>>> print(open('work.pdb').read())   # PDB, C-alpha atoms and all ligand atoms
ATOM      1  CA  MET X 789     -13.883 -31.023 -18.132
ATOM      2  CA  THR X 790     -13.106 -27.633 -16.554
ATOM      3  CA  ARG X 791      -9.773 -25.923 -17.038
ATOM      4  CA  ALA X 792      -7.863 -23.122 -15.400
ATOM      5  CA  ILE X 793      -6.890 -19.906 -17.211
ATOM      6  CA  SER X 794      -4.002 -21.072 -19.343
ATOM      7  CA  PRO X 795      -0.690 -19.325 -18.690
ATOM      8  CA  ASP X 796       0.402 -20.314 -22.219
ATOM      9  CA  HIS X 797      -2.677 -19.075 -24.045
ATOM     10  CA  PRO X 798      -3.934 -16.210 -21.915
ATOM     11  CA  THR X 799      -6.156 -14.688 -24.591
ATOM     12  CA  GLU X 800      -7.691 -17.921 -25.739
ATOM     13  CA  ARG X 801     -11.452 -17.762 -25.327
ATOM     14  CA  SER X 802     -13.277 -20.946 -24.551
ATOM     15  CA  ALA X 803     -16.867 -21.952 -23.977
ATOM     16  CA  GLU X 804     -15.659 -24.175 -21.142
ATOM     17  CA  PRO X 805     -16.135 -22.800 -17.645
ATOM     18  CA  LEU X 806     -13.140 -21.769 -15.531
ATOM     19  CA  ALA X 807     -11.958 -24.289 -12.978
ATOM     20  CA  PRO X 808     -13.703 -23.790  -9.621
ATOM     21  CA  ALA X 809     -11.513 -21.503  -7.485
ATOM     22  CA  LEU X 810     -11.283 -18.087  -5.912
ATOM     23  CA  TYR X 811      -9.442 -15.894  -8.447
ATOM     24  CA  ILE X 812      -7.804 -12.923  -6.662
ATOM     25  CA  THR X 813      -7.613 -10.513  -9.576
ATOM     26  CA  ALA X 814      -5.669  -7.238  -9.807
ATOM     27  CA  THR X 815      -7.094  -4.287 -11.753
ATOM     28  CA  PRO X 816      -5.427  -0.979 -12.771
ATOM     29  CA  ILE X 817      -4.575   1.756 -10.235
ATOM     30  CA  GLY X 818      -5.419   4.521 -12.692
ATOM     31  CA  ASN X 819      -4.217   3.685 -16.187
ATOM     32  CA  ARG X 820      -6.671   1.388 -17.892
ATOM     33  CA  GLY X 821      -3.861  -0.111 -19.997
ATOM     34  CA  ASP X 822      -2.582  -1.827 -16.863
ATOM     35  CA  VAL X 823      -5.088  -4.668 -16.893
ATOM     36  CA  THR X 824      -3.699  -8.116 -17.667
ATOM     37  CA  LEU X 825      -4.952 -10.474 -20.367
ATOM     38  CA  ARG X 826      -5.655 -13.066 -17.715
ATOM     39  CA  ALA X 827      -7.694 -10.574 -15.672
ATOM     40  CA  LEU X 828      -9.820  -9.719 -18.722
ATOM     41  CA  GLU X 829     -10.419 -13.377 -19.417
ATOM     42  CA  ALA X 830     -11.430 -14.079 -15.830
ATOM     43  CA  LEU X 831     -13.686 -11.015 -15.696
ATOM     44  CA  ALA X 832     -15.385 -12.155 -18.907
ATOM     45  CA  ARG X 833     -15.789 -15.822 -18.009
ATOM     46  CA  ALA X 834     -16.009 -16.402 -14.262
ATOM     47  CA  ASP X 835     -19.318 -17.631 -12.901
ATOM     48  CA  ARG X 836     -19.409 -14.857 -10.309
ATOM     49  CA  LEU X 837     -17.676 -11.505  -9.916
ATOM     50  CA  LEU X 838     -17.160 -10.091  -6.420
ATOM     51  CA  CYS X 839     -16.209  -6.447  -6.044
ATOM     52  CA  GLU X 840     -16.018  -3.733  -3.371
ATOM     53  CA  ASP X 841     -18.194  -1.105  -5.024
ATOM     54  CA  THR X 842     -20.379  -2.291  -7.901
ATOM     55  CA  ARG X 843     -20.453   1.214  -9.452
ATOM     56  CA  VAL X 844     -16.651   1.401  -9.635
ATOM     57  CA  THR X 845     -16.277  -2.095 -11.107
ATOM     58  CA  ARG X 846     -19.162  -1.609 -13.548
ATOM     59  CA  LYS X 847     -17.330   1.422 -14.911
ATOM     60  CA  LEU X 848     -14.078  -0.546 -15.124
ATOM     61  CA  LEU X 849     -15.737  -3.429 -16.988
ATOM     62  CA  GLY X 850     -17.328  -0.922 -19.356
ATOM     63  CA  MET X 851     -13.857   0.335 -20.344
ATOM     64  CA  TYR X 852     -13.097  -3.137 -21.666
ATOM     65  CA  GLY X 853     -16.490  -3.646 -23.302
ATOM     66  CA  LEU X 854     -17.696  -6.055 -20.616
ATOM     67  CA  SER X 855     -21.036  -6.054 -18.862
ATOM     68  CA  ARG X 856     -21.536  -8.670 -16.138
ATOM     69  CA  PRO X 857     -23.675  -9.063 -13.020
ATOM     70  CA  LEU X 858     -21.668  -7.945  -9.954
ATOM     71  CA  ILE X 859     -21.859  -9.024  -6.333
ATOM     72  CA  ALA X 860     -20.719  -6.669  -3.558
ATOM     73  CA  TYR X 861     -18.123  -8.011  -1.116
ATOM     74  CA  HIS X 862     -16.925  -5.369   1.330
ATOM     75  CA  ASP X 863     -16.234  -4.783   5.020
ATOM     76  CA  HIS X 864     -19.937  -4.417   5.853
ATOM     77  CA  ASN X 865     -21.263  -7.656   4.335
ATOM     78  CA  ALA X 866     -18.145  -9.859   4.302
ATOM     79  CA  GLU X 867     -19.094 -11.939   7.362
ATOM     80  CA  SER X 868     -22.455 -12.960   5.940
ATOM     81  CA  MET X 869     -21.167 -13.360   2.357
ATOM     82  CA  ARG X 870     -18.209 -15.650   3.064
ATOM     83  CA  PRO X 871     -20.147 -18.888   3.723
ATOM     84  CA  LYS X 872     -22.163 -18.322   0.526
ATOM     85  CA  ILE X 873     -19.028 -17.742  -1.534
ATOM     86  CA  LEU X 874     -17.382 -20.876  -0.140
ATOM     87  CA  ALA X 875     -20.523 -22.854  -1.011
ATOM     88  CA  TRP X 876     -20.463 -21.551  -4.611
ATOM     89  CA  ILE X 877     -16.853 -22.629  -5.103
ATOM     90  CA  ALA X 878     -17.473 -25.990  -3.395
ATOM     91  CA  ALA X 879     -20.365 -26.517  -5.826
ATOM     92  CA  GLY X 880     -17.986 -26.047  -8.778
ATOM     93  CA  GLU X 881     -18.208 -22.326  -9.553
ATOM     94  CA  SER X 882     -15.377 -19.946 -10.417
ATOM     95  CA  VAL X 883     -15.392 -16.732  -8.379
ATOM     96  CA  VAL X 884     -13.344 -13.626  -9.204
ATOM     97  CA  LEU X 885     -12.537 -11.101  -6.471
ATOM     98  CA  VAL X 886     -11.510  -7.579  -7.481
ATOM     99  CA  SER X 887     -11.186  -4.394  -5.423
ATOM    100  CA  ASP X 888     -11.857  -0.828  -6.556
ATOM    101  CA  ALA X 889      -8.278  -0.595  -7.837
ATOM    102  CA  GLY X 890      -5.015  -2.524  -7.634
ATOM    103  CA  THR X 891      -4.522  -5.835  -5.897
ATOM    104  CA  PRO X 892      -7.262  -7.117  -3.567
ATOM    105  CA  LEU X 893      -6.108  -7.856   0.014
ATOM    106  CA  ILE X 894      -3.495  -5.048  -0.108
ATOM    107  CA  SER X 895      -5.222  -2.491   2.163
ATOM    108  CA  ASP X 896      -8.417  -3.893   0.644
ATOM    109  CA  PRO X 897     -10.860  -6.699   1.554
ATOM    110  CA  GLY X 898     -10.163 -10.345   0.772
ATOM    111  CA  PHE X 899      -7.722 -11.781   3.300
ATOM    112  CA  LYS X 900     -10.359 -13.591   5.355
ATOM    113  CA  LEU X 901     -12.004 -14.935   2.229
ATOM    114  CA  ALA X 902      -8.700 -16.380   0.962
ATOM    115  CA  ARG X 903      -7.979 -17.776   4.428
ATOM    116  CA  ASP X 904     -11.381 -19.451   4.743
ATOM    117  CA  CYS X 905     -11.238 -20.910   1.220
ATOM    118  CA  ARG X 906      -7.847 -22.428   1.953
ATOM    119  CA  ALA X 907      -9.046 -23.775   5.305
ATOM    120  CA  ALA X 908     -11.959 -25.423   3.499
ATOM    121  CA  GLY X 909      -9.594 -27.003   0.978
ATOM    122  CA  LEU X 910     -10.863 -24.814  -1.875
ATOM    123  CA  PRO X 911      -8.386 -23.531  -4.490
ATOM    124  CA  VAL X 912      -7.235 -19.921  -4.307
ATOM    125  CA  THR X 913      -5.239 -18.493  -7.183
ATOM    126  CA  ALA X 914      -3.808 -15.048  -7.981
ATOM    127  CA  LEU X 915      -4.078 -13.092 -11.202
ATOM    128  CA  PRO X 916      -1.426 -10.521 -10.260
ATOM    129  CA  GLY X 917      -1.098  -7.029 -11.676
ATOM    130  CA  ALA X 918      -0.986  -3.419 -10.543
ATOM    131  CA  SER X 919      -0.468  -2.380  -6.943
ATOM    132  CA  ALA X 920       0.290   1.164  -5.790
ATOM    133  CA  ALA X 921       2.876  -0.086  -3.262
ATOM    134  CA  LEU X 922       4.986  -1.758  -5.941
ATOM    135  CA  ALA X 923       4.548   1.078  -8.442
ATOM    136  CA  ALA X 924       5.763   3.534  -5.778
ATOM    137  CA  LEU X 925       8.801   1.392  -4.971
ATOM    138  CA  ALA X 926       9.574   1.193  -8.686
ATOM    139  CA  VAL X 927       9.678   4.971  -9.201
ATOM    140  CA  CYS X 928      10.884   6.370  -5.853
ATOM    141  CA  GLY X 929      14.622   5.798  -6.271
ATOM    142  CA  LEU X 930      14.954   4.440  -2.723
ATOM    143  CA  PRO X 931      16.334   0.989  -1.866
ATOM    144  CA  THR X 932      13.966  -1.827  -2.770
ATOM    145  CA  ASP X 933      15.992  -4.855  -1.640
ATOM    146  CA  ARG X 934      14.076  -4.883   1.655
ATOM    147  CA  PHE X 935      10.784  -3.084   2.227
ATOM    148  CA  PHE X 936       8.072  -3.086   4.854
ATOM    149  CA  PHE X 937       4.465  -2.335   3.957
ATOM    150  CA  LEU X 938       2.596  -0.386   6.641
ATOM    151  CA  GLY X 939      -0.621   0.290   4.702
ATOM    152  CA  PHE X 940      -2.620   3.164   6.227
ATOM    153  CA  LEU X 941      -1.304   4.388   9.595
ATOM    154  CA  PRO X 942      -3.752   5.427  12.342
ATOM    155  CA  PRO X 943      -5.357   8.870  11.852
ATOM    156  CA  LYS X 944      -4.376  10.129  15.335
ATOM    157  CA  SER X 945      -0.873  11.559  15.646
ATOM    158  CA  ALA X 946       0.140   9.755  18.859
ATOM    159  CA  ALA X 947      -0.853   6.330  17.528
ATOM    160  CA  ARG X 948       0.806   7.089  14.195
ATOM    161  CA  ARG X 949       4.070   8.089  15.875
ATOM    162  CA  ALA X 950       3.978   4.944  18.013
ATOM    163  CA  GLU X 951       3.660   2.757  14.891
ATOM    164  CA  LEU X 952       6.494   4.594  13.164
ATOM    165  CA  ALA X 953       8.675   4.262  16.294
ATOM    166  CA  GLU X 954       8.047   0.494  16.265
ATOM    167  CA  VAL X 955       9.704   0.185  12.842
ATOM    168  CA  ALA X 956      12.328   2.931  13.238
ATOM    169  CA  GLY X 957      15.187   0.462  13.559
ATOM    170  CA  LEU X 958      14.136  -1.738  10.646
ATOM    171  CA  ARG X 959      16.752  -1.801   7.889
ATOM    172  CA  ALA X 960      14.162  -1.555   5.135
ATOM    173  CA  SER X 961      12.274   1.032   3.115
ATOM    174  CA  LEU X 962       8.815   1.744   4.548
ATOM    175  CA  VAL X 963       5.750   1.952   2.289
ATOM    176  CA  ILE X 964       2.748   3.896   3.578
ATOM    177  CA  TYR X 965      -0.639   4.676   1.988
ATOM    178  CA  GLU X 966      -2.110   8.037   2.921
ATOM    179  CA  SER X 967      -4.913  10.368   1.910
ATOM    180  CA  PRO X 968      -3.839  13.766   0.533
ATOM    181  CA  ARG X 969      -5.694  15.438   3.399
ATOM    182  CA  ARG X 970      -3.465  13.823   6.026
ATOM    183  CA  LEU X 971      -0.171  13.880   4.107
ATOM    184  CA  ALA X 972       1.248  16.991   5.832
ATOM    185  CA  ALA X 973       0.455  15.618   9.302
ATOM    186  CA  LEU X 974       1.970  12.228   8.414
ATOM    187  CA  LEU X 975       5.155  13.866   7.142
ATOM    188  CA  ALA X 976       5.464  15.995  10.289
ATOM    189  CA  ASP X 977       5.191  12.894  12.483
ATOM    190  CA  ALA X 978       7.540  10.870  10.291
ATOM    191  CA  ALA X 979      10.153  13.675  10.350
ATOM    192  CA  ALA X 980       9.985  13.762  14.150
ATOM    193  CA  VAL X 981      10.241   9.998  14.623
ATOM    194  CA  LEU X 982      12.595   9.149  11.734
ATOM    195  CA  PRO X 983      14.763  12.262  11.405
ATOM    196  CA  GLY X 984      17.108  12.587   8.471
ATOM    197  CA  ARG X 985      15.586   9.844   6.365
ATOM    198  CA  GLN X 986      15.224  10.173   2.625
ATOM    199  CA  ALA X 987      11.655   9.790   1.379
ATOM    200  CA  ALA X 988       9.434  10.102  -1.680
ATOM    201  CA  VAL X 989       5.848  11.300  -1.993
ATOM    202  CA  CYS X 990       4.536   9.281  -4.966
ATOM    203  CA  ARG X 991       1.313  10.743  -6.316
ATOM    204  CA  GLU X 992      -1.143   9.754  -9.068
ATOM    205  CA  LEU X 993       0.954   6.769 -10.153
ATOM    206  CA  THR X 994       0.290   5.552 -13.718
ATOM    207  CA  LYS X 995      -1.967   8.593 -14.329
ATOM    208  CA  MET X 996      -1.478  11.766 -16.321
ATOM    209  CA  PHE X 997      -0.084  13.838 -13.432
ATOM    210  CA  GLU X 998       2.143  11.137 -11.924
ATOM    211  CA  GLU X 999       5.002  12.524  -9.823
ATOM    212  CA  ALA X1000       7.493  11.463  -7.162
ATOM    213  CA  VAL X1001       8.722  14.316  -4.968
ATOM    214  CA  THR X1002      11.874  13.359  -3.074
ATOM    215  CA  GLY X1003      13.865  14.824  -0.183
ATOM    216  CA  THR X1004      14.493  14.268   3.498
ATOM    217  CA  LEU X1005      11.387  13.871   5.629
ATOM    218  CA  GLU X1006      12.076  17.301   7.143
ATOM    219  CA  GLU X1007      12.206  18.907   3.676
ATOM    220  CA  LEU X1008       9.043  17.166   2.571
ATOM    221  CA  ALA X1009       7.260  18.028   5.837
ATOM    222  CA  ARG X1010       8.089  21.723   5.321
ATOM    223  CA  ARG X1011       7.056  21.641   1.657
ATOM    224  CA  TYR X1012       3.646  20.050   2.250
ATOM    225  CA  ALA X1013       2.959  22.106   5.405
ATOM    226  CA  GLU X1014       3.204  25.206   3.220
ATOM    227  CA  ALA X1015       1.490  23.876   0.080
ATOM    228  CA  ASP X1016      -2.208  23.429  -0.633
ATOM    229  CA  THR X1017      -3.581  19.929  -0.020
ATOM    230  CA  PRO X1018      -2.308  17.878  -2.970
ATOM    231  CA  LYS X1019      -4.817  16.252  -5.280
ATOM    232  CA  GLY X1020      -5.109  12.557  -6.063
ATOM    233  CA  GLU X1021      -3.787   9.397  -4.468
ATOM    234  CA  ILE X1022      -0.552   9.096  -2.548
ATOM    235  CA  VAL X1023       2.028   6.559  -1.412
ATOM    236  CA  LEU X1024       4.827   7.698   0.892
ATOM    237  CA  VAL X1025       8.041   5.674   0.724
ATOM    238  CA  ILE X1026      10.623   6.272   3.452
ATOM    239  CA  GLY X1027      14.167   5.039   2.870
ATOM    240  CA  PRO X1028      15.971   2.804   5.359
ATOM    241  CA  PRO X1029      18.199   4.136   8.155
ATOM    242  CA  GLY X1030      21.415   5.457   6.595
ATOM    243  CA  GLU X1031      24.914   4.139   7.059
ATOM    244  CA  ALA X1032      26.834   5.888   9.861
ATOM    245  CA  ALA X1033      29.429   7.112   7.369
ATOM    246  CA  ALA X1034      26.759   8.928   5.372
ATOM    247  CA  TRP X1035      25.825  11.152   8.332
ATOM    248  CA  SER X1036      27.945  14.250   8.873
ATOM    249  CA  GLU X1037      28.134  15.807  12.345
ATOM    250  CA  ALA X1038      26.035  18.698  11.067
ATOM    251  CA  ALA X1039      23.335  16.272   9.823
ATOM    252  CA  VAL X1040      23.232  14.536  13.211
ATOM    253  CA  ASP X1041      22.941  17.897  15.003
ATOM    254  CA  ALA X1042      20.187  19.085  12.658
ATOM    255  CA  ALA X1043      18.238  15.864  13.125
ATOM    256  CA  LEU X1044      18.677  16.043  16.905
ATOM    257  CA  ASP X1045      17.534  19.672  17.061
ATOM    258  CA  GLU X1046      14.399  18.781  15.091
ATOM    259  CA  ALA X1047      13.662  15.758  17.281
ATOM    260  CA  LEU X1048      14.430  17.609  20.544
ATOM    261  CA  ALA X1049      11.786  20.196  19.690
ATOM    262  CA  THR X1050       9.071  17.597  20.338
ATOM    263  CA  HIS X1051      10.792  14.692  22.132
ATOM    264  CA  SER X1052      12.680  13.946  25.363
ATOM    265  CA  VAL X1053      16.479  13.625  25.089
ATOM    266  CA  LYS X1054      16.142   9.851  25.378
ATOM    267  CA  ASP X1055      13.534   9.527  22.608
ATOM    268  CA  ALA X1056      15.250  12.020  20.321
ATOM    269  CA  ALA X1057      18.582  10.212  20.722
ATOM    270  CA  ALA X1058      16.965   6.818  20.100
ATOM    271  CA  ALA X1059      15.253   8.047  16.933
ATOM    272  CA  VAL X1060      18.415   9.668  15.536
ATOM    273  CA  ALA X1061      20.524   6.635  16.434
ATOM    274  CA  ALA X1062      18.035   4.365  14.628
ATOM    275  CA  ALA X1063      17.933   6.669  11.612
ATOM    276  CA  SER X1064      21.706   7.188  11.328
ATOM    277  CA  GLY X1065      22.950   3.795  12.408
ATOM    278  CA  LEU X1066      25.302   5.562  14.883
ATOM    279  CA  PRO X1067      25.800   4.063  18.388
ATOM    280  CA  LYS X1068      23.064   5.082  20.849
ATOM    281  CA  LYS X1069      25.585   6.209  23.501
ATOM    282  CA  THR X1070      27.304   8.598  21.090
ATOM    283  CA  VAL X1071      24.039  10.107  19.914
ATOM    284  CA  TYR X1072      22.691  10.399  23.481
ATOM    285  CA  ALA X1073      25.802  12.317  24.579
ATOM    286  CA  ARG X1074      25.417  14.616  21.587
ATOM    287  CA  ALA X1075      21.690  15.102  22.336
ATOM    288  CA  LEU X1076      22.509  16.151  25.926
ATOM    289  CA  ALA X1077      25.066  18.629  24.615
ATOM    290  CA  ARG X1078      22.561  20.080  22.107
ATOM    291  CA  ARG X1079      19.849  20.390  24.762
ATOM    292  CA  ASP X1080      22.191  22.160  27.185
ATOM    293  CA  ALA X1081      23.825  24.371  24.569
ATOM    294  CA  PRO X1082      23.048  28.083  25.108
TER     295      PRO X1082
HETATM  296  N1  LIG X1101      -5.321  -2.497  -3.255
HETATM  297  C1  LIG X1101      -4.707  -1.273  -3.709
HETATM  298  C2  LIG X1101      -3.292  -1.577  -4.214
HETATM  299  O1  LIG X1101      -3.009  -2.715  -4.547
HETATM  300  O2  LIG X1101      -2.499  -0.648  -4.288
HETATM  301  C3  LIG X1101      -4.715  -0.215  -2.642
HETATM  302  C4  LIG X1101      -6.064   0.148  -2.141
HETATM  303  S1  LIG X1101      -6.061   1.340  -0.894
HETATM  304  C5  LIG X1101      -7.731   1.317  -0.370
HETATM  305  C6  LIG X1101      -6.007   2.847  -1.778
HETATM  306  C7  LIG X1101      -4.704   3.611  -1.554
HETATM  307  O3  LIG X1101      -3.696   3.125  -2.433
HETATM  308  C8  LIG X1101      -4.787   5.097  -1.860
HETATM  309  O4  LIG X1101      -5.319   5.825  -0.765
HETATM  310  C9  LIG X1101      -3.352   5.445  -2.126
HETATM  311  O5  LIG X1101      -2.627   5.569  -0.911
HETATM  312  C10 LIG X1101      -2.877   4.177  -2.858
HETATM  313  N2  LIG X1101      -3.059   4.343  -4.304
HETATM  314  C11 LIG X1101      -3.959   3.730  -5.092
HETATM  315  N3  LIG X1101      -3.814   4.109  -6.370
HETATM  316  C12 LIG X1101      -2.786   4.994  -6.392
HETATM  317  C13 LIG X1101      -2.144   5.747  -7.423
HETATM  318  N4  LIG X1101      -2.542   5.681  -8.688
HETATM  319  N5  LIG X1101      -1.124   6.563  -7.077
HETATM  320  C14 LIG X1101      -0.710   6.645  -5.793
HETATM  321  N6  LIG X1101      -1.275   5.957  -4.795
HETATM  322  C15 LIG X1101      -2.301   5.138  -5.084
END
>>> encode(input="work.pdb", output="structure tokens")
Amino acid sequence: MTRAISPDHPTERSAEPLAPALYITATPIGNRGDVTLRALEALARADRLLCEDTRVTRKLLGMYGLSRPLIAYHDHNAESMRPKILAWIAAGESVVLVSDAGTPLISDPGFKLARDCRAAGLPVTALPGASAALAALAVCGLPTDRFFFLGFLPPKSAARRAELAEVAGLRASLVIYESPRRLAALLADAAAVLPGRQAAVCRELTKMFEEAVTGTLEELARRYAEADTPKGEIVLVIGPPGEAAAWSEAAVDAALDEALATHSVKDAAAAVAAASGLPKKTVYARALARRDAP
């Protein structure tokens, strides 16, 4: 008889094979202590291990004293691999999917595989663990009751601004993955589209040089425009639009001036109204006054 990884006895080792299923398995995002007992058991016992980059996962397994054959599953071979993987599970095998770091499917491959397994009536189960998005939310000090995950935004500024504008009115914190190289450009666009918002640049989470630098988007944009390209991995969290009461007249004017430098009166007013929660008409009138001021 096969059995699933027991939630009650996660460290129990057994000669019995794992139940046939796709096991979506999280791995650490930097600190090797952040692997779960269930993940270690699955990595040790599954019939097949799928990973993005075999070199990265071989190194990870080595940290836990494991050495297993690895099968690559990534954007370039996923189409041809999926039918084979489904056939393995249908034939009774257990298949673990890991990504280079964190939770598979979160800005990483795996969604189509999970979808196709489910469509074929094959079991899909999660072995949850680290994810940079959740670690960033945990440390950033911004509201976490509602959040919206944007993953990586487009590399071109116009497309990036359009995506940010789409979610400007959302009453939720925004979570964005970004490379250090593009951080300054992202912050400049975010400050223009979402003026006045609080934000946090969360870097190297769970690692030795972990930090969360907080401020308004304008402050952060200035700071990273002047600094050298930061090292390591980064999540940007942007807080939700503020309550109207929290915005002083001076804050509204400052946000409008910043937005008017690159936007039409209409767009600047819409962005500041969305960010502040103030009525659009009021902000538009103020934007006209700022534009026409000597
Ligand atoms: N699947 C992963 C997860 O669950 O977080 C994310 C994979 S995505 C390809 C990689 C991005 O996640 C990085 O570019 C960075 O934005 C973010 N990231 C991963 N590890 C991180 C860390 N230790 N600190 C900050 N950001 C991290």
>>> resolve_selection(input="work.pdb", expression="the PyMOL selection byres (((not hetatm)) within 9 of (chain X and resi 1101))", output="PyMOL selection string")
chain X and resi 814-819+887-897+917-924+939-940+964-968+989-995+998-999+1020-1024
>>> residues_around(input="work.pdb", residues="X:Ile873", least_positions_apart="6", cutoff="12 Å", atoms="all atoms listed in the file", output="list in words")
Pro808, Ala809, Leu810, Tyr811, Asp835, Arg836, Leu837, Leu838, Ile859, Ala860, Tyr861, Asn865, Ala866, Glu867, Ala879, Gly880, Glu881, Ser882, Val883, Val884, Leu885, Gly898, Lys900, Leu901, Ala902, Asp904, Cys905, Ala908 and Leu910 of chain X
>>> residues_around(input="work.pdb", residues="stretch 1067-1081 of chain X", least_positions_apart="5", cutoff="7 Å", atoms="all atoms listed in the file", output="ChimeraX atom specification")
/X:1044,1053-1054,1057-1058,1061
>>> residues_around(input="work.pdb", residues="X:Val955", least_positions_apart="5", cutoff="12 Å", atoms="all atoms listed in the file", output="PDB file with C-alpha atoms, in the frame of the given file")
ATOM      1  CA  PHE X 935      10.784  -3.084   2.227  1.00  0.00           C
ATOM      2  CA  PHE X 936       8.072  -3.086   4.854  1.00  0.00           C
ATOM      3  CA  PHE X 937       4.465  -2.335   3.957  1.00  0.00           C
ATOM      4  CA  LEU X 938       2.596  -0.386   6.641  1.00  0.00           C
ATOM      5  CA  ARG X 948       0.806   7.089  14.195  1.00  0.00           C
ATOM      6  CA  ARG X 949       4.070   8.089  15.875  1.00  0.00           C
ATOM      7  CA  ALA X 950       3.978   4.944  18.013  1.00  0.00           C
ATOM      8  CA  ALA X 960      14.162  -1.555   5.135  1.00  0.00           C
ATOM      9  CA  SER X 961      12.274   1.032   3.115  1.00  0.00           C
ATOM     10  CA  LEU X 962       8.815   1.744   4.548  1.00  0.00           C
ATOM     11  CA  VAL X 963       5.750   1.952   2.289  1.00  0.00           C
ATOM     12  CA  ALA X 978       7.540  10.870  10.291  1.00  0.00           C
ATOM     13  CA  VAL X 981      10.241   9.998  14.623  1.00  0.00           C
ATOM     14  CA  LEU X 982      12.595   9.149  11.734  1.00  0.00           C
ATOM     15  CA  ILE X1026      10.623   6.272   3.452  1.00  0.00           C
ATOM     16  CA  GLY X1027      14.167   5.039   2.870  1.00  0.00           C
ATOM     17  CA  PRO X1028      15.971   2.804   5.359  1.00  0.00           C
ATOM     18  CA  PRO X1029      18.199   4.136   8.155  1.00  0.00           C
ATOM     19  CA  ALA X1059      15.253   8.047  16.933  1.00  0.00           C
ATOM     20  CA  ALA X1062      18.035   4.365  14.628  1.00  0.00           C
ATOM     21  CA  ALA X1063      17.933   6.669  11.612  1.00  0.00           C
TER      22      ALA X1063
END
>>> atom_distance(input="work.pdb", atom1="atom CA of X:Pro805", atom2="atom CA of X:Glu829")
11.2 Å
>>> resolve_selection(input="work.pdb", expression="the PyMOL selection byres (((chain X and resi 856) around 9) and not hetatm)", output="short mmCIF file (atom, residue, chain, number, x, y, z; two decimals) with C-alpha atoms, in the coordinates of the input")
data_model
loop_
_atom_site.label_atom_id
_atom_site.label_comp_id
_atom_site.auth_asym_id
_atom_site.auth_seq_id
_atom_site.Cartn_x
_atom_site.Cartn_y
_atom_site.Cartn_z
CA LEU X 831 -13.69 -11.02 -15.70
CA ALA X 832 -15.38 -12.16 -18.91
CA ARG X 836 -19.41 -14.86 -10.31
CA LEU X 837 -17.68 -11.50 -9.92
CA ARG X 846 -19.16 -1.61 -13.55
CA LEU X 849 -15.74 -3.43 -16.99
CA LEU X 854 -17.70 -6.06 -20.62
CA SER X 855 -21.04 -6.05 -18.86
CA PRO X 857 -23.68 -9.06 -13.02
CA LEU X 858 -21.67 -7.94 -9.95
#
>>> atom_distance(input="work.pdb", atom1="atom CA of X:Ala1013", atom2="atom CA of X:Ala972")
5.4 Å
>>> atom_distance(input="work.pdb", atom1="atom CA of X:Pro916", atom2="atom CA of X:Ala830")
12.0 Å
